[in-house]
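Below: data_18.cif (mmCIF, C-alpha atoms)
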data_run
#
loop_
_atom_site.group_PDB
_atom_site.id
_atom_site.type_symbol
_atom_site.label_atom_id
_atom_site.label_comp_id
_atom_site.auth_asym_id
_atom_site.auth_seq_id
_atom_site.Cartn_x
_atom_site.Cartn_y
_atom_site.Cartn_z
ATOM 1 C CA MET U 1 -6.267 -11.282 -9.684
ATOM 2 C CA SER U 2 -3.361 -12.273 -11.963
ATOM 3 C CA THR U 3 -1.275 -15.424 -11.460
ATOM 4 C CA MET U 4 1.700 -13.246 -10.515
ATOM 5 C CA GLY U 5 -0.446 -11.385 -7.995
ATOM 6 C CA ARG U 6 -1.570 -14.627 -6.376
ATOM 7 C CA MET U 7 2.001 -15.895 -6.216
ATOM 8 C CA THR U 8 3.279 -12.682 -4.659
ATOM 9 C CA GLY U 9 0.406 -12.608 -2.182
ATOM 10 C CA GLY U 10 1.102 -16.212 -1.178
ATOM 11 C CA VAL U 11 4.780 -15.560 -0.588
ATOM 12 C CA ALA U 12 3.954 -12.395 1.373
ATOM 13 C CA ARG U 13 1.624 -14.328 3.655
ATOM 14 C CA GLN U 14 4.316 -16.935 4.260
ATOM 15 C CA MET U 15 6.759 -14.178 5.166
ATOM 16 C CA ALA U 16 4.299 -12.368 7.451
ATOM 17 C CA PRO U 17 5.564 -13.959 10.709
ATOM 18 C CA ARG U 18 9.099 -12.817 9.854
ATOM 19 C CA ALA U 19 7.785 -9.366 8.981
ATOM 20 C CA ALA U 20 6.057 -9.176 12.356
ATOM 21 C CA ALA U 21 9.400 -9.768 14.019
ATOM 22 C CA MET U 22 10.978 -7.076 11.844
ATOM 23 C CA ALA U 23 8.231 -4.595 12.665
ATOM 24 C CA PRO U 24 7.089 -5.193 16.260
ATOM 25 C CA GLY U 25 5.570 -1.705 16.453
ATOM 26 C CA LEU U 26 2.882 -2.578 13.919
ATOM 27 C CA THR U 27 0.171 -2.959 16.558
ATOM 28 C CA SER U 28 -3.454 -2.003 16.948
ATOM 29 C CA SER U 29 -2.477 1.083 18.940
ATOM 30 C CA PHE U 30 -0.126 2.171 16.159
ATOM 31 C CA VAL U 31 -2.958 1.869 13.641
ATOM 32 C CA ARG U 32 -5.129 4.212 15.709
ATOM 33 C CA GLU U 33 -2.269 6.684 16.122
ATOM 34 C CA ALA U 34 -1.633 6.684 12.366
ATOM 35 C CA LEU U 35 -5.318 7.378 11.716
ATOM 36 C CA HIS U 36 -5.355 10.176 14.289
ATOM 37 C CA ARG U 37 -2.319 11.865 12.749
ATOM 38 C CA ALA U 38 -3.722 11.486 9.262
ATOM 39 C CA ILE U 39 -6.885 13.285 10.380
ATOM 40 C CA VAL U 40 -5.272 16.086 12.421
ATOM 41 C CA GLY U 41 -2.255 16.542 10.145
ATOM 42 C CA VAL U 42 1.387 15.561 10.364
ATOM 43 C CA GLY U 43 4.574 17.138 9.039
ATOM 44 C CA PRO U 44 3.972 18.718 5.617
ATOM 45 C CA LEU U 45 0.485 17.210 5.373
ATOM 46 C CA PRO U 46 -2.354 19.435 6.646
ATOM 47 C CA PRO U 47 -5.423 17.832 8.275
ATOM 48 C CA ALA U 48 -7.468 15.590 6.002
ATOM 49 C CA ALA U 49 -10.618 17.726 6.181
ATOM 50 C CA LYS U 50 -8.703 20.945 5.505
ATOM 51 C CA ALA U 51 -7.025 19.454 2.435
ATOM 52 C CA ALA U 52 -10.353 18.079 1.211
ATOM 53 C CA GLU U 53 -12.008 21.473 1.607
ATOM 54 C CA ALA U 54 -9.211 23.045 -0.439
ATOM 55 C CA GLN U 55 -9.954 20.570 -3.226
ATOM 56 C CA LEU U 56 -13.654 21.363 -2.959
ATOM 57 C CA ARG U 57 -12.929 25.071 -3.443
ATOM 58 C CA GLU U 58 -10.712 24.316 -6.433
ATOM 59 C CA GLN U 59 -13.534 22.287 -7.964
ATOM 60 C CA ARG U 60 -16.038 25.104 -7.276
ATOM 61 C CA GLY U 61 -18.138 23.087 -4.888
ATOM 62 C CA ASP U 62 -18.385 19.937 -6.991
ATOM 63 C CA VAL U 63 -18.032 17.204 -4.364
ATOM 64 C CA GLU U 64 -17.521 14.336 -6.810
ATOM 65 C CA LYS U 65 -14.744 16.136 -8.664
ATOM 66 C CA ALA U 66 -13.145 16.994 -5.328
ATOM 67 C CA VAL U 67 -13.265 13.314 -4.288
ATOM 68 C CA HIS U 68 -11.593 12.376 -7.572
ATOM 69 C CA GLU U 69 -8.843 14.941 -6.982
ATOM 70 C CA VAL U 70 -8.284 13.729 -3.415
ATOM 71 C CA ILE U 71 -7.739 10.212 -4.749
ATOM 72 C CA GLU U 72 -5.443 11.351 -7.569
ATOM 73 C CA ASN U 73 -3.353 13.505 -5.253
ATOM 74 C CA HIS U 74 -2.818 10.693 -2.780
ATOM 75 C CA VAL U 75 -1.981 8.220 -5.530
ATOM 76 C CA ARG U 76 0.783 10.620 -6.561
ATOM 77 C CA TYR U 77 1.953 10.923 -2.945
ATOM 78 C CA ALA U 78 2.048 7.132 -2.669
ATOM 79 C CA GLY U 79 4.132 6.879 -5.818
ATOM 80 C CA ALA U 80 6.686 9.377 -4.514
ATOM 81 C CA GLN U 81 8.868 6.986 -2.550
ATOM 82 C CA GLY U 82 10.967 9.671 -0.870
ATOM 83 C CA PHE U 83 7.894 11.629 0.233
ATOM 84 C CA VAL U 84 6.243 8.519 1.664
ATOM 85 C CA THR U 85 9.404 7.595 3.549
ATOM 86 C CA ASN U 86 9.751 11.068 5.045
ATOM 87 C CA ILE U 87 6.151 11.084 6.261
ATOM 88 C CA GLY U 88 6.598 7.632 7.746
ATOM 89 C CA GLY U 89 9.690 8.787 9.593
ATOM 90 C CA ILE U 90 7.731 11.486 11.375
ATOM 91 C CA VAL U 91 5.370 8.924 12.838
ATOM 92 C CA THR U 92 7.820 6.129 13.499
ATOM 93 C CA ALA U 93 10.678 7.998 15.156
ATOM 94 C CA ALA U 94 12.404 5.634 17.597
ATOM 95 C CA LEU U 95 10.356 2.681 16.313
ATOM 96 C CA THR U 96 11.490 -0.155 14.088
ATOM 97 C CA ILE U 97 8.558 -0.043 11.676
ATOM 98 C CA PRO U 98 9.643 0.335 8.018
ATOM 99 C CA THR U 99 9.018 3.985 7.222
ATOM 100 C CA ASN U 100 7.785 3.422 3.685
ATOM 101 C CA VAL U 101 4.997 1.135 4.895
ATOM 102 C CA THR U 102 3.866 3.484 7.647
ATOM 103 C CA GLY U 103 4.064 6.503 5.365
ATOM 104 C CA LEU U 104 1.850 4.697 2.888
ATOM 105 C CA ALA U 105 -0.622 3.803 5.644
ATOM 106 C CA LEU U 106 -0.783 7.468 6.674
ATOM 107 C CA ILE U 107 -1.392 8.614 3.120
ATOM 108 C CA GLN U 108 -4.126 6.050 2.554
ATOM 109 C CA CYS U 109 -5.809 6.871 5.890
ATOM 110 C CA ARG U 110 -5.707 10.555 5.009
ATOM 111 C CA MET U 111 -7.162 9.940 1.556
ATOM 112 C CA VAL U 112 -10.095 7.923 2.893
ATOM 113 C CA ALA U 113 -10.687 10.463 5.680
ATOM 114 C CA GLY U 114 -10.777 13.236 3.070
ATOM 115 C CA ILE U 115 -13.341 11.317 1.025
ATOM 116 C CA ALA U 116 -15.435 10.695 4.139
ATOM 117 C CA HIS U 117 -15.362 14.393 5.025
ATOM 118 C CA LEU U 118 -16.438 15.444 1.537
ATOM 119 C CA ARG U 119 -19.298 12.958 1.650
ATOM 120 C CA GLY U 120 -20.625 14.452 4.884
ATOM 121 C CA TYR U 121 -19.207 12.180 7.600
ATOM 122 C CA ASP U 122 -17.934 13.427 10.971
ATOM 123 C CA LEU U 123 -14.276 12.449 11.298
ATOM 124 C CA ASP U 124 -14.513 12.694 15.099
ATOM 125 C CA ASP U 125 -17.186 9.977 15.190
ATOM 126 C CA PRO U 126 -15.602 6.640 16.257
ATOM 127 C CA ARG U 127 -17.976 4.791 13.933
ATOM 128 C CA VAL U 128 -16.650 6.797 10.982
ATOM 129 C CA ARG U 129 -13.069 6.159 12.058
ATOM 130 C CA ASN U 130 -13.797 2.437 12.088
ATOM 131 C CA ALA U 131 -15.217 2.753 8.580
ATOM 132 C CA ILE U 132 -12.086 4.579 7.401
ATOM 133 C CA LEU U 133 -9.828 1.833 8.745
ATOM 134 C CA THR U 134 -12.040 -0.847 7.244
ATOM 135 C CA CYS U 135 -11.677 0.797 3.829
ATOM 136 C CA MET U 136 -7.932 0.401 4.275
ATOM 137 C CA LEU U 137 -8.375 -3.373 4.113
ATOM 138 C CA GLY U 138 -9.766 -3.208 0.585
ATOM 139 C CA ARG U 139 -12.904 -4.719 -0.895
ATOM 140 C CA ASP U 140 -11.676 -8.313 -1.193
ATOM 141 C CA SER U 141 -10.468 -8.535 2.404
ATOM 142 C CA VAL U 142 -13.591 -6.850 3.772
ATOM 143 C CA ASP U 143 -15.884 -9.180 1.834
ATOM 144 C CA LYS U 144 -14.014 -12.208 3.190
ATOM 145 C CA LEU U 145 -14.068 -10.921 6.774
ATOM 146 C CA VAL U 146 -17.785 -10.145 6.606
ATOM 147 C CA LYS U 147 -18.473 -13.593 5.142
ATOM 148 C CA LYS U 148 -16.470 -15.193 7.972
ATOM 149 C CA ARG U 149 -18.307 -12.957 10.473
ATOM 150 C CA LYS U 150 -15.053 -11.413 11.651
ATOM 151 C CA LEU U 151 -16.520 -8.047 10.686
ATOM 152 C CA PRO U 152 -20.214 -7.239 11.125
ATOM 153 C CA ALA U 153 -20.577 -5.159 7.954
ATOM 154 C CA PRO U 154 -18.802 -3.166 5.202
ATOM 155 C CA PRO U 155 -17.577 0.432 5.800
ATOM 156 C CA MET U 156 -20.818 2.258 4.919
ATOM 157 C CA ALA U 157 -22.847 0.237 7.417
ATOM 158 C CA LEU U 158 -20.173 0.697 10.093
ATOM 159 C CA ALA U 159 -20.151 4.463 9.602
ATOM 160 C CA THR U 160 -23.921 4.689 9.959
ATOM 161 C CA ALA U 161 -24.440 2.059 12.682
ATOM 162 C CA PRO U 162 -26.954 3.015 15.392
ATOM 163 C CA HIS U 163 -24.381 2.624 18.162
ATOM 164 C CA HIS U 164 -20.613 2.592 18.614
ATOM 165 C CA ASP U 165 -19.147 -0.752 19.683
ATOM 166 C CA PRO U 166 -15.778 -0.296 21.479
ATOM 167 C CA ASP U 167 -14.949 -3.975 20.981
ATOM 168 C CA LEU U 168 -15.168 -3.425 17.239
ATOM 169 C CA ASP U 169 -12.458 -0.749 17.514
ATOM 170 C CA ARG U 170 -9.937 -3.322 18.661
ATOM 171 C CA GLN U 171 -11.058 -5.923 16.153
ATOM 172 C CA ILE U 172 -10.740 -3.595 13.166
ATOM 173 C CA SER U 173 -7.410 -2.186 14.363
ATOM 174 C CA ALA U 174 -6.031 -5.720 14.691
ATOM 175 C CA GLU U 175 -7.127 -6.616 11.158
ATOM 176 C CA VAL U 176 -5.512 -3.469 9.722
ATOM 177 C CA ALA U 177 -2.316 -4.125 11.678
ATOM 178 C CA GLY U 178 -2.251 -7.622 10.194
ATOM 179 C CA GLU U 179 -2.694 -6.148 6.716
ATOM 180 C CA LEU U 180 0.219 -3.777 7.299
ATOM 181 C CA ILE U 181 2.395 -6.674 8.423
ATOM 182 C CA SER U 182 1.561 -8.453 5.162
ATOM 183 C CA LYS U 183 2.650 -5.305 3.323
ATOM 184 C CA VAL U 184 5.948 -5.392 5.195
ATOM 185 C CA ALA U 185 6.405 -8.981 4.021
ATOM 186 C CA GLY U 186 5.576 -8.014 0.453
ATOM 187 C CA LYS U 187 8.059 -5.165 0.506
ATOM 188 C CA ARG U 188 10.782 -7.397 1.913
ATOM 189 C CA LEU U 189 10.145 -9.741 -1.010
ATOM 190 C CA ALA U 190 10.271 -6.861 -3.510
ATOM 191 C CA VAL U 191 13.552 -5.627 -2.041
ATOM 192 C CA THR U 192 15.038 -9.110 -2.317
ATOM 193 C CA VAL U 193 14.035 -9.357 -5.977
ATOM 194 C CA GLY U 194 14.982 -5.736 -6.673
ATOM 195 C CA ARG U 195 18.541 -6.237 -5.518
ATOM 196 C CA ARG U 196 19.207 -8.141 -8.708
ATOM 197 C CA VAL U 197 17.679 -5.444 -10.926
ATOM 198 C CA PRO U 198 17.519 -2.249 -8.818
ATOM 199 C CA ILE U 199 15.759 -0.090 -11.417
ATOM 200 C CA VAL U 200 13.055 -2.670 -11.954
ATOM 201 C CA GLY U 201 12.668 -3.125 -8.201
ATOM 202 C CA GLY U 202 12.162 0.608 -7.704
ATOM 203 C CA LEU U 203 9.602 0.853 -10.474
ATOM 204 C CA VAL U 204 7.686 -2.121 -9.103
ATOM 205 C CA GLY U 205 7.564 -0.543 -5.645
ATOM 206 C CA LEU U 206 6.424 2.822 -6.987
ATOM 207 C CA GLY U 207 3.750 1.263 -9.186
ATOM 208 C CA ALA U 208 2.522 -1.113 -6.495
ATOM 209 C CA ASP U 209 2.091 1.635 -3.876
ATOM 210 C CA GLY U 210 0.281 3.926 -6.303
ATOM 211 C CA TYR U 211 -2.000 1.168 -7.559
ATOM 212 C CA ALA U 212 -2.810 -0.057 -4.046
ATOM 213 C CA THR U 213 -3.709 3.490 -3.015
ATOM 214 C CA TRP U 214 -5.883 3.967 -6.096
ATOM 215 C CA ARG U 215 -7.787 0.762 -5.343
ATOM 216 C CA ILE U 216 -8.436 1.793 -1.747
ATOM 217 C CA GLY U 217 -9.566 5.214 -2.936
ATOM 218 C CA ARG U 218 -11.989 3.702 -5.417
ATOM 219 C CA TYR U 219 -13.329 1.374 -2.733
ATOM 220 C CA ALA U 220 -13.888 4.258 -0.318
ATOM 221 C CA ASP U 221 -15.511 6.248 -3.131
ATOM 222 C CA SER U 222 -18.018 3.459 -3.773
ATOM 223 C CA GLU U 223 -18.651 2.639 -0.093
ATOM 224 C CA LEU U 224 -18.933 6.024 1.627
ATOM 225 C CA LEU U 225 -22.087 7.278 -0.017
ATOM 226 C CA PRO U 226 -23.081 10.958 0.384
ATOM 227 C CA ARG U 227 -24.719 12.189 3.563
ATOM 228 C CA ALA U 228 -25.977 15.670 4.362
ATOM 229 C CA ARG U 229 -22.875 17.822 4.929
ATOM 230 C CA ARG U 230 -22.844 19.737 8.221
#

Have the structure of the file written as structure tokens, please.
Amino acid sequence: MSTMGRMTGGVARQMAPRAAAMAPGLTSSFVREALHRAIVGVGPLPPAAKAAEAQLREQRGDVEKAVHEVIENHVRYAGAQGFVTNIGGIVTAALTIPTNVTGLALIQCRMVAGIAHLRGYDLDDPRVRNAILTCMLGRDSVDKLVKKRKLPAPPMALATAPHHDPDLDRQISAEVAGELISKVAGKRLAVTVGRRVPIVGGLVGLGADGYATWRIGRYADSELLPRARR
């Protein structure tokens, strides 16, 4: 990670308590609702599996090319600030959660769910849903949480665990909610800086969202190894 990245991350963590106050709806239950809507479809976005199947047809049955296209498409969605904000608004009507952050969470959930579907995972399986949310944390955070024993295993092992642990649902949802709150803090910082140079601020936000989505997509790609498709 670059020096600038470490500095920004440190400031974002310091601002996280304030961000939590700004976005009280960023709870574990919200995380599950966002995942559900990403899977079943919301607004202009069709269900994750349906969109993934469309990509598979376009790629003439080549699963790996379809996975690549799913990632690229969602990176473009993430970079389209207006699109992200509109999607977020659908989910957060009457809530105080920043719409750009929630729209981004929806897009990233949907991307990972699409990858999971193409690799042969059942999106209705609670173990798979836990794996999808864990991918949202990113490799670095997951590795740290596993090392600290706050998570039992990385996404692939969660998706293929022998049994579903309901307690793990709450634990993973809480970690993802905390990650979203950190994103709120980071965006508040970017807005503050961007006020001085609005064009630069906008470009930073667009690039950051797209890059973050790409990294999560690559992590899901490497973690959710192929299973026999049903």

Legend entry - Among listed residues U:Pro126, U:Gly217, U:Pro226, U:Gly178, nearest Ser28 of chain U (using all atoms listed in the file):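 Closest to Ser28 of chain U, using all atoms listed in the file: U:Gly178.
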
Inset, instruction - Excluding Ala159 of chain U and any residue of its chain fewer than 2 positions from it, enumerate the residues within 7 Å of it, using only C-alpha atoms, and give them as number ranges by chain. - result: U: 127-128, 131, 155-157, 161

Legend entry - Output of the PyMOL selection byres ((chain U and resi 173) around 12), listed as a ChimeraX atom specification: /U:26-35,129-137,151,166-172,174-180

Inset, instruction - Figure out the distance between atom CA of Val84 of chain U and atom CA of Asp221 of chain U, please, to one decimal in Å. - result: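 Separation of atom CA of Asp221 of chain U and atom CA of Val84 of chain U: 22.4 Å.
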
Inset, instruction - Could you please determine the separation between atom CA of Glu223 of chain U and atom CA of Ala105 of chain U in Å, to one decimal place? - result: 19.0 Å

Legend entry - Close residues, Thr213 of chain U itself excluded, 10 Å, all atoms listed in the file, min 5 positions apart in chain, as number ranges by chain: U: 71-72, 74-79, 104-105, 107-109, 111-112, 136, 138, 207-208, 218-219

Legend entry - Best match for closeness to Thr102 of chain U among U:Asp209, U:Asp122, U:Glu69, U:Asp62, counting all atoms listed in the file: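 Ranking U:Asp209, U:Asp122, U:Glu69, U:Asp62 by distance to Thr102 of chain U, first place goes to U:Asp209.
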
Inset, instruction - Point out the residue among U:Ile181, U:Ala153, U:Leu123, U:Leu145 with the least atom-to-atom distance to Val40 of chain U, counting all atoms listed in the file. - result: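 Closest to Val40 of chain U, using all atoms listed in the file: U:Leu123.
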
Inset, instruction - Convert the output of the PyMOL selection byres ((chain U and resi 67) around 8) on the shown file into explicit residues, formatted as a ChimeraX atom specification. - result: /U:52,63-66,68-71,114-115,118,221

Legend entry - Atom-to-atom span, atom CA of Arg119 of chain U and atom CA of Leu225 of chain U, Å: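 Between atom CA of Arg119 of chain U and atom CA of Leu225 of chain U the gap is 6.5 Å.
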